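Student: Handing you a structure now.
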Amino acid sequence: MLFRQKRPYPEREYPHMQQPSLEPNPYQRAQMERRFGMFIHFGINTFNNTEWSNGRLPIQSYRPTAIDADSWVRTAYEAGMNYVVLITKHHDGFCLWDTDTTRYSVRFSPNPTDVVRAVSQACRKYGVKLGLYYSLWDRHERCYRRNEKYVQYMERQLTELLDGRYGEIVELWLDGAWDKPCRAWQLDRLYNLVKTLQPACQMGVNHTVGVYSEKKGGPDDRYQPQNYRDRDPLRMFPSDFRLWDPHMCREDDPKIYTFNGREYYLPFEMTICSRREFSWFYSDAYDAKPLMDWEEIVRNYKILTKTGNMLVINLPPDYSGRLVAKDVENLMRVSHALGIARE
């Protein structure tokens, strides 16, 4: 069931709240200066040939022969990327870290490696910043439909991810906010928690801009990034930056958006796949899918960074826990063409 969002809704008072501004704050400036990052989609879907699963896949099906996180982050570093964004929990609810909140996690799988820890250690080694993707939608957790209970559940999980055990987290990429009204997610409460634990962490929610559509569970195509207009309404608030994967913005991308009559500066992060056809997770069919045109990626990178925005490219590890060679080769074509490759 989908719900119509009633707008505007009153903002609650929390110690850490987003402040109206016509200019980027220091943390937003730091994010904009990172420019280029790697998305890493990996999890139980990888081993079941699916992009989305319903939370019922057997935990024993997650069986990577290795977790070569060092090579993931080293590749990002060599390609001139300054951060990675790692999947921690997709819509299936399977957790890639050693969590105390659920048994549907790597801890109880054939390979109990804490993937978040492995990536965080590699990031420290190579001087690459760490961002995390977390799905609001959880198709496994039983308390999901009990809104208050589920918000508490998310708070426990986000505390585990952001309390310092994995070091500095510079970005929290939230997804899946389409089958509850916007208010039910209590994003202001989650935002306050995030900023309490990691003040520099930039929180963004997919489909940030627009008005709620009962038919689609999100904004209509008028609010795709290429159609953004100055002072457009914010659907997902608070958010430090804008998301709508995998769309590209305009060359004159506007930066000021509104919520409850106030104006906020939000940069845009474009997230795309290394392969065409929405290839987020590796699968049996992955190798046959065409690569994204590297020259198109170069053009988009130049437009994005010229306007103070960011680009993230998804490179999914395969069954052996390693990146796919052709993805890496294509990425390096991009980085050499841009002159940002590192030794």
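Residue numbers start at 1 in each chain; chains themselves are named A, B, ... in the order of the structure tokens; ligands are numbered from 1 in the order shown.
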Do you have, as a tab-separated table, the list of residues of region 45-86 of chain A lying at most 9 Å from region 119-127 of chain A, each with its nearest atom pair and that distance in Å to one decimal, counting only C-alpha atoms and ordered by chain then number?
Tutor:
residue	atom	partner	partner_atom	distance
A:Asp68	CA	A:Val119	CA	8.9
A:Ala69	CA	A:Val119	CA	5.3
A:Asp70	CA	A:Ala122	CA	5.1
A:Ser71	CA	A:Ala122	CA	8.4
A:Trp72	CA	A:Val119	CA	8.1
A:Val73	CA	A:Ala122	CA	6.1
A:Arg74	CA	A:Tyr126	CA	6.6
A:Tyr77	CA	A:Tyr126	CA	6.7
A:Asn82	CA	A:Gly127	CA	8.0
A:Tyr83	CA	A:Cys123	CA	8.1
A:Val84	CA	A:Cys123	CA	8.3
A:Leu86	CA	A:Val119	CA	8.0
Student: Give me, as an NGL selection string, all polymer residues having an atom no more than 7 Å from region 151-157 of chain A, counting only C-alpha atoms and skipping those fewer than 3 positions away in the same chain.
Tutor: :A and (101 or 147-148 or 160-161 or 185 or 190)
Student: Keeping N, CA, C and O atoms, export the residues of the selection given above as a CSV table (one decimal), in the first residue's frame.
Tutor:
chain,number,residue,atom,x,y,z
A,101,THR,N,21.8,-6.9,15.9
A,101,THR,CA,20.3,-6.6,15.8
A,101,THR,C,19.5,-7.7,15.1
A,101,THR,O,18.3,-7.7,15.2
A,147,ASN,N,5.9,1.2,12.8
A,147,ASN,CA,6.8,2.3,12.5
A,147,ASN,C,7.7,2.7,13.6
A,147,ASN,O,8.9,2.8,13.4
A,148,GLU,N,7.2,2.9,14.9
A,148,GLU,CA,8.1,3.3,16.0
A,148,GLU,C,9.1,2.2,16.3
A,148,GLU,O,10.3,2.5,16.5
A,160,GLU,N,25.5,1.2,15.4
A,160,GLU,CA,26.6,0.2,15.2
A,160,GLU,C,27.5,0.7,14.1
A,160,GLU,O,28.7,0.6,14.1
A,161,LEU,N,26.9,1.2,13.0
A,161,LEU,CA,27.7,1.6,11.8
A,161,LEU,C,28.5,2.9,12.0
A,161,LEU,O,29.5,3.1,11.4
A,185,TRP,N,9.3,7.7,8.3
A,185,TRP,CA,10.7,7.4,8.4
A,185,TRP,C,11.4,8.1,9.5
A,185,TRP,O,12.4,7.8,9.9
A,190,LEU,N,16.5,10.4,12.6
A,190,LEU,CA,17.7,9.7,12.1
A,190,LEU,C,18.9,10.7,11.8
A,190,LEU,O,20.0,10.4,12.1
Student: Pull the strand (DSSP E or B) assignments for region 41-124 of chain A out of DSSP run on the backbone, and list those residues as an mmCIF file with C-alpha atoms, in the first residue's frame.
Tutor:
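As a result, out.cif now contains:
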data_model
loop_
_atom_site.group_PDB
_atom_site.id
_atom_site.type_symbol
_atom_site.label_atom_id
_atom_site.label_comp_id
_atom_site.auth_asym_id
_atom_site.auth_seq_id
_atom_site.Cartn_x
_atom_site.Cartn_y
_atom_site.Cartn_z
ATOM 1 C CA TYR A 83 35.836 7.720 -1.483
ATOM 2 C CA VAL A 84 33.843 4.500 -1.679
ATOM 3 C CA VAL A 85 30.200 3.906 -0.795
ATOM 4 C CA LEU A 86 29.643 0.352 0.457
ATOM 5 C CA ILE A 87 26.313 -1.454 0.675
ATOM 6 C CA THR A 88 25.705 -2.383 4.323
ATOM 7 C CA LYS A 89 22.072 -3.536 3.992
ATOM 8 C CA CYS A 95 23.568 -7.112 6.906
ATOM 9 C CA SER A 105 23.779 -11.166 8.624
#
Student: Would you pick out the contacts of region 336-343 of chain A at 12 Å or less, using only C-alpha atoms, so that residues sharing its chain but fewer than 6 positions from it are not included, and give the list as a list in words?
Tutor: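 The residues that qualify are Arg35, Phe36, Arg74, Thr75, Ala76, Tyr77, Glu78, Ala79, Gly80, Met81, Asn82, Tyr126, Trp294, Glu295, Glu296, Ile297, Val298, Arg299, Asn300, Tyr301, Lys302, Thr305, Glu329 and Asn330 of chain A.
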Student: Write the residues of the selection above to a file with C-alpha atoms, as an mmCIF file, in the first residue's frame.
Tutor:
data_model
loop_
_atom_site.group_PDB
_atom_site.id
_atom_site.type_symbol
_atom_site.label_atom_id
_atom_site.label_comp_id
_atom_site.auth_asym_id
_atom_site.auth_seq_id
_atom_site.Cartn_x
_atom_site.Cartn_y
_atom_site.Cartn_z
ATOM 1 C CA ARG A 35 34.264 14.599 -6.485
ATOM 2 C CA PHE A 36 34.715 10.958 -7.544
ATOM 3 C CA ARG A 74 43.158 0.016 -4.008
ATOM 4 C CA THR A 75 41.392 0.117 -7.394
ATOM 5 C CA ALA A 76 39.403 3.161 -6.286
ATOM 6 C CA TYR A 77 42.597 4.859 -5.123
ATOM 7 C CA GLU A 78 44.498 4.091 -8.351
ATOM 8 C CA ALA A 79 41.570 5.414 -10.411
ATOM 9 C CA GLY A 80 41.775 8.780 -8.661
ATOM 10 C CA MET A 81 38.657 8.200 -6.584
ATOM 11 C CA ASN A 82 38.545 9.792 -3.169
ATOM 12 C CA TYR A 126 44.943 3.876 1.090
ATOM 13 C CA TRP A 294 33.912 5.625 -20.928
ATOM 14 C CA GLU A 295 33.842 8.800 -23.023
ATOM 15 C CA GLU A 296 30.290 9.518 -21.827
ATOM 16 C CA ILE A 297 31.426 9.046 -18.236
ATOM 17 C CA VAL A 298 34.290 11.495 -18.814
ATOM 18 C CA ARG A 299 31.898 14.104 -20.222
ATOM 19 C CA ASN A 300 29.496 13.710 -17.310
ATOM 20 C CA TYR A 301 32.327 13.884 -14.768
ATOM 21 C CA LYS A 302 33.473 17.214 -16.197
ATOM 22 C CA THR A 305 32.537 18.603 -11.016
ATOM 23 C CA GLU A 329 39.883 -1.570 -17.253
ATOM 24 C CA ASN A 330 37.003 0.711 -18.240
#
Student: Compile the contact shell of Met32 (chain A) as number ranges by chain: residues with an atom at most 8 Å away, counting only C-alpha atoms, same-chain residues fewer than 5 positions apart removed.
Tutor: A: 267, 305, 308-310
Student: Take the selection from the previous step and output its residues with N, CA, C and O atoms, as a CSV table (one decimal), in the first residue's frame.
Tutor:
chain,number,residue,atom,x,y,z
A,267,PRO,N,24.1,20.0,-2.9
A,267,PRO,CA,24.8,19.5,-4.1
A,267,PRO,C,24.1,18.2,-4.5
A,267,PRO,O,23.3,17.6,-3.8
A,305,THR,N,31.6,18.0,-11.9
A,305,THR,CA,32.5,18.6,-11.0
A,305,THR,C,32.6,20.1,-11.3
A,305,THR,O,32.9,20.9,-10.4
A,308,GLY,N,30.2,21.7,-9.0
A,308,GLY,CA,30.2,21.4,-7.6
A,308,GLY,C,29.5,20.1,-7.2
A,308,GLY,O,29.0,20.0,-6.1
A,309,ASN,N,29.4,19.2,-8.1
A,309,ASN,CA,28.7,17.9,-7.8
A,309,ASN,C,29.6,16.8,-7.8
A,309,ASN,O,30.8,16.9,-8.1
A,310,MET,N,29.1,15.5,-7.6
A,310,MET,CA,29.9,14.4,-7.4
A,310,MET,C,29.5,13.2,-8.4
A,310,MET,O,28.3,13.2,-8.7
Student: So that I can check the surroundings of Ser279 (chain A), please list as a PyMOL selection string every protein, DNA and RNA residue that reaches within 12 Å of it, counting only C-alpha atoms and ignoring chain neighbours fewer than 4 positions away.
Tutor: chain A and resi 39-42+45-46+49-52+246+271-275+283-292+313-317+327
Student: Please produce an output containing N, CA, C and O atoms for each residue in the selection, written as a short mmCIF file (atom, residue, chain, number, x, y, z; two decimals), in the first residue's frame.
Tutor:
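Dumped everything to part_35.cif:
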data_model
loop_
_atom_site.label_atom_id
_atom_site.label_comp_id
_atom_site.auth_asym_id
_atom_site.auth_seq_id
_atom_site.Cartn_x
_atom_site.Cartn_y
_atom_site.Cartn_z
N PHE A 39 30.92 3.03 -5.93
CA PHE A 39 29.83 2.31 -5.28
C PHE A 39 30.22 0.83 -5.28
O PHE A 39 30.73 0.31 -6.28
N ILE A 40 29.93 0.13 -4.18
CA ILE A 40 30.24 -1.30 -4.10
C ILE A 40 28.98 -2.04 -3.65
O ILE A 40 28.63 -2.03 -2.47
N HIS A 41 28.29 -2.65 -4.62
CA HIS A 41 27.11 -3.47 -4.33
C HIS A 41 27.55 -4.92 -4.18
O HIS A 41 28.05 -5.53 -5.13
N PHE A 42 27.33 -5.47 -3.00
CA PHE A 42 27.74 -6.85 -2.71
C PHE A 42 26.86 -7.34 -1.58
O PHE A 42 26.52 -6.60 -0.67
N ASN A 45 22.26 -10.95 -2.57
CA ASN A 45 21.75 -10.92 -3.94
C ASN A 45 22.80 -11.40 -4.94
O ASN A 45 22.46 -12.00 -5.97
N THR A 46 24.07 -11.11 -4.65
CA THR A 46 25.16 -11.50 -5.54
C THR A 46 25.12 -12.99 -5.85
O THR A 46 25.41 -13.41 -6.96
N ASN A 49 21.61 -14.28 -8.21
CA ASN A 49 21.29 -13.75 -9.54
C ASN A 49 20.09 -12.81 -9.52
O ASN A 49 19.18 -12.92 -10.35
N THR A 50 20.06 -11.88 -8.59
CA THR A 50 18.94 -10.95 -8.51
C THR A 50 19.41 -9.57 -8.06
O THR A 50 20.42 -9.45 -7.35
N GLU A 51 18.69 -8.54 -8.49
CA GLU A 51 18.97 -7.18 -8.04
C GLU A 51 18.24 -6.88 -6.74
O GLU A 51 18.78 -6.24 -5.85
N TRP A 52 16.99 -7.32 -6.63
CA TRP A 52 16.20 -7.14 -5.42
C TRP A 52 15.70 -8.51 -4.97
O TRP A 52 15.27 -9.32 -5.79
N PRO A 246 19.81 6.39 -11.73
CA PRO A 246 21.17 6.73 -12.16
C PRO A 246 21.16 7.94 -13.10
O PRO A 246 21.85 7.94 -14.12
N THR A 271 24.95 8.66 -9.35
CA THR A 271 25.41 7.30 -9.17
C THR A 271 25.01 6.47 -10.38
O THR A 271 23.84 6.44 -10.75
N ILE A 272 26.00 5.81 -11.01
CA ILE A 272 25.76 5.01 -12.20
C ILE A 272 26.41 3.64 -12.06
O ILE A 272 27.24 3.42 -11.17
N CYS A 273 26.04 2.72 -12.94
CA CYS A 273 26.64 1.39 -12.97
C CYS A 273 27.78 1.34 -13.99
O CYS A 273 27.77 2.07 -14.98
N SER A 274 28.73 0.48 -13.74
CA SER A 274 29.79 0.25 -14.71
C SER A 274 29.24 -0.39 -15.98
O SER A 274 29.76 -0.16 -17.07
N ARG A 275 28.17 -1.18 -15.83
CA ARG A 275 27.50 -1.81 -16.98
C ARG A 275 26.13 -1.17 -17.18
O ARG A 275 25.54 -0.60 -16.26
N SER A 283 25.99 -10.98 -11.28
CA SER A 283 25.13 -12.14 -11.51
C SER A 283 25.72 -12.97 -12.64
O SER A 283 26.73 -12.59 -13.26
N ASP A 284 25.10 -14.12 -12.95
CA ASP A 284 25.58 -14.96 -14.05
C ASP A 284 25.55 -14.22 -15.38
O ASP A 284 26.33 -14.52 -16.28
N ALA A 285 24.61 -13.27 -15.52
CA ALA A 285 24.47 -12.54 -16.78
C ALA A 285 25.34 -11.29 -16.84
O ALA A 285 25.37 -10.62 -17.89
N TYR A 286 26.04 -10.97 -15.77
CA TYR A 286 26.73 -9.68 -15.69
C TYR A 286 27.79 -9.51 -16.77
O TYR A 286 27.86 -8.46 -17.42
N ASP A 287 28.62 -10.51 -16.99
CA ASP A 287 29.76 -10.36 -17.91
C ASP A 287 29.32 -10.09 -19.34
O ASP A 287 30.10 -9.51 -20.12
N ALA A 288 28.10 -10.50 -19.70
CA ALA A 288 27.62 -10.30 -21.07
C ALA A 288 27.01 -8.91 -21.27
O ALA A 288 26.73 -8.52 -22.41
N LYS A 289 26.80 -8.18 -20.21
CA LYS A 289 26.18 -6.86 -20.33
C LYS A 289 27.20 -5.83 -20.83
O LYS A 289 28.37 -5.88 -20.45
N PRO A 290 26.76 -4.88 -21.67
CA PRO A 290 27.70 -3.90 -22.22
C PRO A 290 28.20 -2.92 -21.17
O PRO A 290 27.45 -2.51 -20.27
N LEU A 291 29.43 -2.53 -21.31
CA LEU A 291 30.02 -1.52 -20.44
C LEU A 291 29.45 -0.14 -20.75
O LEU A 291 29.08 0.15 -21.89
N MET A 292 29.40 0.70 -19.74
CA MET A 292 29.07 2.10 -19.98
C MET A 292 30.18 2.71 -20.83
O MET A 292 31.36 2.38 -20.67
N ILE A 313 30.63 5.60 -9.42
CA ILE A 313 30.46 4.50 -10.36
C ILE A 313 30.43 3.19 -9.60
O ILE A 313 31.31 2.92 -8.78
N ASN A 314 29.42 2.36 -9.87
CA ASN A 314 29.27 1.08 -9.20
C ASN A 314 30.10 -0.01 -9.88
O ASN A 314 29.94 -0.28 -11.07
N LEU A 315 30.98 -0.65 -9.10
CA LEU A 315 31.73 -1.81 -9.55
C LEU A 315 31.44 -2.95 -8.58
O LEU A 315 31.98 -2.99 -7.46
N PRO A 316 30.59 -3.92 -8.96
CA PRO A 316 30.20 -4.97 -8.02
C PRO A 316 31.20 -6.13 -7.98
O PRO A 316 31.59 -6.64 -9.04
N PRO A 317 31.65 -6.56 -6.82
CA PRO A 317 32.49 -7.76 -6.73
C PRO A 317 31.73 -9.00 -7.17
O PRO A 317 30.50 -9.09 -7.06
N ASP A 327 35.49 -4.21 -15.84
CA ASP A 327 35.03 -3.01 -15.14
C ASP A 327 36.21 -2.14 -14.73
O ASP A 327 36.19 -0.91 -14.88
#
Student: Run DSSP on the backbone and give me the residues of region 134-250 of chain A it puts in alpha helix (DSSP H), as a short mmCIF file (atom, residue, chain, number, x, y, z; two decimals) with all heavy atoms, in the first residue's frame.
Tutor:
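In the end it all went to result_4.cif:
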data_model
loop_
_atom_site.label_atom_id
_atom_site.label_comp_id
_atom_site.auth_asym_id
_atom_site.auth_seq_id
_atom_site.Cartn_x
_atom_site.Cartn_y
_atom_site.Cartn_z
N ASN A 147 5.89 1.18 12.84
CA ASN A 147 6.78 2.30 12.53
C ASN A 147 7.74 2.68 13.65
O ASN A 147 8.94 2.82 13.44
CB ASN A 147 5.95 3.52 12.11
CG ASN A 147 5.35 3.36 10.73
OD1 ASN A 147 5.75 2.48 9.96
ND2 ASN A 147 4.37 4.17 10.42
N GLU A 148 7.23 2.85 14.87
CA GLU A 148 8.11 3.26 15.97
C GLU A 148 9.14 2.17 16.28
O GLU A 148 10.33 2.46 16.49
CB GLU A 148 7.30 3.60 17.21
CG GLU A 148 8.13 3.93 18.45
CD GLU A 148 9.09 5.11 18.25
OE1 GLU A 148 8.80 5.99 17.41
OE2 GLU A 148 10.13 5.14 18.94
N LYS A 149 8.70 0.92 16.31
CA LYS A 149 9.63 -0.18 16.57
C LYS A 149 10.71 -0.24 15.50
O LYS A 149 11.89 -0.49 15.80
CB LYS A 149 8.87 -1.51 16.62
CG LYS A 149 8.02 -1.71 17.85
CD LYS A 149 8.88 -1.97 19.08
CE LYS A 149 8.03 -2.31 20.29
NZ LYS A 149 8.87 -2.50 21.51
N TYR A 150 10.30 -0.01 14.26
CA TYR A 150 11.29 -0.11 13.18
C TYR A 150 12.26 1.07 13.21
O TYR A 150 13.45 0.89 12.92
CB TYR A 150 10.60 -0.20 11.82
CG TYR A 150 11.61 -0.42 10.72
CD1 TYR A 150 12.37 -1.59 10.68
CD2 TYR A 150 11.84 0.55 9.75
CE1 TYR A 150 13.33 -1.79 9.70
CE2 TYR A 150 12.80 0.37 8.76
CZ TYR A 150 13.53 -0.81 8.74
OH TYR A 150 14.49 -0.99 7.77
N VAL A 151 11.79 2.26 13.55
CA VAL A 151 12.71 3.39 13.68
C VAL A 151 13.75 3.09 14.77
O VAL A 151 14.94 3.36 14.61
CB VAL A 151 11.96 4.70 13.97
CG1 VAL A 151 12.93 5.82 14.33
CG2 VAL A 151 11.11 5.10 12.77
N GLN A 152 13.31 2.51 15.88
CA GLN A 152 14.24 2.12 16.92
C GLN A 152 15.25 1.07 16.42
O GLN A 152 16.44 1.11 16.77
CB GLN A 152 13.48 1.57 18.13
CG GLN A 152 12.63 2.61 18.84
CD GLN A 152 11.79 2.00 19.95
OE1 GLN A 152 11.95 0.83 20.32
NE2 GLN A 152 10.88 2.79 20.50
N TYR A 153 14.76 0.15 15.59
CA TYR A 153 15.62 -0.87 15.00
C TYR A 153 16.68 -0.21 14.11
O TYR A 153 17.88 -0.54 14.20
CB TYR A 153 14.76 -1.83 14.18
CG TYR A 153 15.50 -2.92 13.45
CD1 TYR A 153 15.94 -4.06 14.11
CD2 TYR A 153 15.73 -2.83 12.07
CE1 TYR A 153 16.60 -5.08 13.43
CE2 TYR A 153 16.39 -3.85 11.39
CZ TYR A 153 16.82 -4.96 12.07
OH TYR A 153 17.47 -5.98 11.40
N MET A 154 16.27 0.73 13.28
CA MET A 154 17.23 1.44 12.43
C MET A 154 18.23 2.23 13.28
O MET A 154 19.42 2.28 12.95
CB MET A 154 16.50 2.38 11.48
CG MET A 154 15.71 1.69 10.38
SD MET A 154 15.20 2.81 9.05
CE MET A 154 14.03 3.86 9.93
N GLU A 155 17.76 2.83 14.35
CA GLU A 155 18.67 3.57 15.22
C GLU A 155 19.75 2.66 15.79
O GLU A 155 20.93 3.06 15.88
CB GLU A 155 17.89 4.25 16.35
CG GLU A 155 17.07 5.45 15.89
CD GLU A 155 16.27 6.07 17.02
OE1 GLU A 155 15.73 5.31 17.86
OE2 GLU A 155 16.17 7.30 17.06
N ARG A 156 19.38 1.46 16.18
CA ARG A 156 20.38 0.52 16.71
C ARG A 156 21.39 0.14 15.62
O ARG A 156 22.60 0.08 15.88
CB ARG A 156 19.70 -0.73 17.27
CG ARG A 156 18.86 -0.47 18.51
CD ARG A 156 18.54 -1.76 19.25
NE ARG A 156 17.79 -2.71 18.44
CZ ARG A 156 16.47 -2.72 18.31
NH1 ARG A 156 15.74 -1.81 18.95
NH2 ARG A 156 15.86 -3.63 17.57
N GLN A 157 20.90 -0.11 14.42
CA GLN A 157 21.81 -0.49 13.35
C GLN A 157 22.72 0.67 12.94
O GLN A 157 23.93 0.49 12.76
CB GLN A 157 21.01 -0.99 12.14
CG GLN A 157 20.32 -2.33 12.39
CD GLN A 157 19.89 -3.03 11.12
OE1 GLN A 157 19.51 -2.38 10.15
NE2 GLN A 157 19.96 -4.34 11.12
N LEU A 158 22.15 1.86 12.81
CA LEU A 158 22.97 3.00 12.42
C LEU A 158 23.98 3.37 13.50
O LEU A 158 25.09 3.83 13.19
CB LEU A 158 22.07 4.20 12.09
CG LEU A 158 21.23 4.05 10.82
CD1 LEU A 158 20.25 5.21 10.68
CD2 LEU A 158 22.11 3.96 9.58
N THR A 159 23.62 3.14 14.75
CA THR A 159 24.58 3.38 15.84
C THR A 159 25.76 2.44 15.71
O THR A 159 26.93 2.85 15.87
CB THR A 159 23.90 3.23 17.20
OG1 THR A 159 22.88 4.22 17.34
CG2 THR A 159 24.91 3.39 18.34
N GLU A 160 25.50 1.17 15.41
CA GLU A 160 26.60 0.23 15.20
C GLU A 160 27.51 0.68 14.06
O GLU A 160 28.74 0.56 14.15
CB GLU A 160 26.05 -1.16 14.88
CG GLU A 160 25.39 -1.87 16.06
CD GLU A 160 24.86 -3.24 15.68
OE1 GLU A 160 24.71 -3.53 14.47
OE2 GLU A 160 24.59 -4.04 16.60
N LEU A 161 26.93 1.19 13.00
CA LEU A 161 27.71 1.58 11.83
C LEU A 161 28.47 2.89 12.00
O LEU A 161 29.51 3.09 11.37
CB LEU A 161 26.79 1.69 10.61
CG LEU A 161 26.19 0.37 10.10
CD1 LEU A 161 25.09 0.64 9.08
CD2 LEU A 161 27.28 -0.51 9.48
N LEU A 162 27.95 3.77 12.87
CA LEU A 162 28.50 5.12 12.95
C LEU A 162 29.14 5.47 14.29
O LEU A 162 29.60 6.60 14.47
CB LEU A 162 27.38 6.14 12.66
CG LEU A 162 26.71 6.06 11.28
CD1 LEU A 162 25.50 6.97 11.22
CD2 LEU A 162 27.69 6.42 10.18
N LEU A 187 12.97 10.98 9.42
CA LEU A 187 14.31 11.31 8.95
C LEU A 187 14.98 12.37 9.82
O LEU A 187 16.21 12.37 9.96
CB LEU A 187 14.26 11.79 7.50
CG LEU A 187 13.91 10.72 6.47
CD1 LEU A 187 13.79 11.36 5.08
CD2 LEU A 187 14.95 9.61 6.45
N ASP A 188 14.18 13.28 10.41
CA ASP A 188 14.79 14.28 11.28
C ASP A 188 15.42 13.62 12.51
O ASP A 188 16.49 14.01 12.97
CB ASP A 188 13.78 15.35 11.69
CG ASP A 188 12.44 14.79 12.14
OD1 ASP A 188 12.29 13.55 12.20
OD2 ASP A 188 11.53 15.59 12.42
N ARG A 189 14.76 12.61 13.02
CA ARG A 189 15.30 11.86 14.17
C ARG A 189 16.56 11.08 13.77
O ARG A 189 17.55 11.08 14.53
CB ARG A 189 14.20 10.91 14.66
CG ARG A 189 14.55 10.01 15.80
CD ARG A 189 13.28 9.34 16.27
NE ARG A 189 13.53 8.13 17.05
CZ ARG A 189 12.55 7.34 17.51
NH1 ARG A 189 11.28 7.64 17.25
NH2 ARG A 189 12.84 6.25 18.21
N LEU A 190 16.53 10.44 12.60
CA LEU A 190 17.71 9.72 12.13
C LEU A 190 18.85 10.70 11.83
O LEU A 190 20.02 10.40 12.13
CB LEU A 190 17.38 8.91 10.88
CG LEU A 190 16.33 7.80 11.03
CD1 LEU A 190 16.15 7.07 9.71
CD2 LEU A 190 16.72 6.82 12.14
N TYR A 191 18.52 11.84 11.25
CA TYR A 191 19.53 12.85 10.94
C TYR A 191 20.23 13.32 12.23
O TYR A 191 21.46 13.46 12.27
CB TYR A 191 18.85 14.03 10.25
CG TYR A 191 19.77 15.10 9.73
CD1 TYR A 191 20.26 15.04 8.42
CD2 TYR A 191 20.12 16.20 10.50
CE1 TYR A 191 21.09 16.05 7.92
CE2 TYR A 191 20.94 17.20 10.02
CZ TYR A 191 21.42 17.12 8.72
OH TYR A 191 22.24 18.11 8.23
N ASN A 192 19.45 13.55 13.27
CA ASN A 192 20.03 13.97 14.54
C ASN A 192 20.98 12.91 15.09
O ASN A 192 22.06 13.22 15.60
CB ASN A 192 18.92 14.25 15.55
CG ASN A 192 19.46 14.72 16.89
OD1 ASN A 192 19.99 15.82 17.01
ND2 ASN A 192 19.34 13.87 17.91
N LEU A 193 20.60 11.64 14.96
CA LEU A 193 21.46 10.55 15.42
C LEU A 193 22.76 10.52 14.62
O LEU A 193 23.86 10.42 15.20
CB LEU A 193 20.74 9.21 15.29
CG LEU A 193 21.57 7.97 15.58
CD1 LEU A 193 21.98 7.93 17.06
CD2 LEU A 193 20.81 6.70 15.20
N VAL A 194 22.65 10.63 13.31
CA VAL A 194 23.82 10.59 12.44
C VAL A 194 24.79 11.72 12.81
O VAL A 194 25.99 11.50 12.97
CB VAL A 194 23.41 10.70 10.96
CG1 VAL A 194 24.63 10.93 10.07
CG2 VAL A 194 22.66 9.45 10.52
N LYS A 195 24.26 12.93 12.97
CA LYS A 195 25.12 14.08 13.26
C LYS A 195 25.68 14.03 14.68
O LYS A 195 26.74 14.59 14.95
CB LYS A 195 24.34 15.38 13.06
CG LYS A 195 23.84 15.57 11.63
CD LYS A 195 24.98 15.65 10.64
CE LYS A 195 24.47 15.88 9.23
NZ LYS A 195 25.55 16.04 8.24
N THR A 196 24.96 13.38 15.59
CA THR A 196 25.49 13.20 16.95
C THR A 196 26.70 12.28 16.94
O THR A 196 27.71 12.54 17.62
CB THR A 196 24.39 12.62 17.87
OG1 THR A 196 23.29 13.53 17.92
CG2 THR A 196 24.93 12.38 19.28
N LEU A 197 26.62 11.21 16.15
CA LEU A 197 27.69 10.21 16.10
C LEU A 197 28.83 10.63 15.17
O LEU A 197 30.00 10.38 15.47
CB LEU A 197 27.12 8.87 15.65
CG LEU A 197 26.10 8.22 16.58
CD1 LEU A 197 25.45 7.02 15.91
CD2 LEU A 197 26.76 7.80 17.89
#
Student: Check the smallest atom-to-atom distance from each of A:Ser21, A:Glu33, A:Tyr14, A:Val128 to Thr258 (chain A) using only C-alpha atoms, then report the winner.
Tutor: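 Of all the options, A:Ser21 lies closest to Thr258 (chain A).
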Student: CA of Pro26 (chain A) and CA of Phe237 (chain A) are how many Å apart?
Tutor: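 One can read the CA of Pro26 (chain A) to CA of Phe237 (chain A) distance as 19.4 Å.
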Student: Residues within 9 Å of His247 (chain A), please, as an MDAnalysis selection string. Count only C-alpha atoms; anything in the same chain fewer than 4 positions from it doesn't count.
Tutor: chainID A and resid 224:226 243 270:272
Student: Could you give me, as number ranges by chain, the residues within 12 Å of Asn227 (chain A), counting only C-alpha atoms and dropping anything in the same chain fewer than 3 positions from it?
Tutor: A: 209-210, 219-224, 230, 232, 244, 247-254
Student: Tell me which of A:Met17, A:Ala118, A:Met236, A:Leu311 sits closest to Phe268 (chain A), counting only C-alpha atoms.
Tutor: A:Leu311
